[in-house]
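The block underneath contains the structure these notes are about, expressed in structure tokens.
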Amino acid sequence: MSNFPGTPEVPNFHGVEVLDMMFGAGLGPGNTGIGFTLISYVGFIRLLSVVDPNILPTDEAVEQLNQEILHELDILNQFT
């Protein structure tokens, strides 16, 4: 995957504003238990987490993990 800086303005593609972007690839084959995708786009950051159900069996448990990650990012943001 490549990472390129983009414009802070909302891009316009043939007259349609691109307001949001998402990417997810899943865990793929093999012994991967947790996967994360982090995308920044037009001033926002999206975090997508995919967890093997043998580690976290419910969507609620994955959401709790997401909330804990966001809490840690908020703490780090206090030092910038």
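Chain labels run A, B, ... following the order of the structure tokens; each chain numbers its residues from 1, and ligands are numbered from 1 in the order shown.
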**Item:** Within 9 Å of stretch 26-36 of chain A using only C-alpha atoms, minus same-chain residues under 5 positions, as a ChimeraX atom specification
**Value:** /A:47-55
How about saving the chosen residues, C-alpha atoms kept, as a compact mmCIF listing (two decimals), in the first residue's frame?
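The resulting file, out-v3.txt, is reproduced below:
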```txt
# COMPACT_ATOMS: atom_id res chain seq x y z
CA LEU A 47 -9.67 3.45 11.83
CA LEU A 48 -10.98 0.09 10.68
CA SER A 49 -10.31 -2.97 12.81
CA VAL A 50 -10.99 -6.59 11.88
CA VAL A 51 -10.66 -9.22 14.58
CA ASP A 52 -10.79 -13.00 14.36
CA PRO A 53 -13.93 -14.13 16.24
CA ASN A 54 -11.80 -16.55 18.28
CA ILE A 55 -10.15 -13.48 19.86
```
Item to complete: Would you mind writing down, as a PyMOL selection string, each residue of chain A that DSSP on the backbone assigns to strand (DSSP E)?
Response: chain A and resi 12-13+16-17+34-41+44-51
Write out as a list in words the residues lying within 12 Å of A:Glu9, counting only C-alpha atoms and excluding same-chain residues fewer than 6 positions away.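 With the cut-off at 12 Å, the set is Glu17, Val18, Leu19, Asp20, Tyr41, Val42, Gly43 and Phe44 of chain A.
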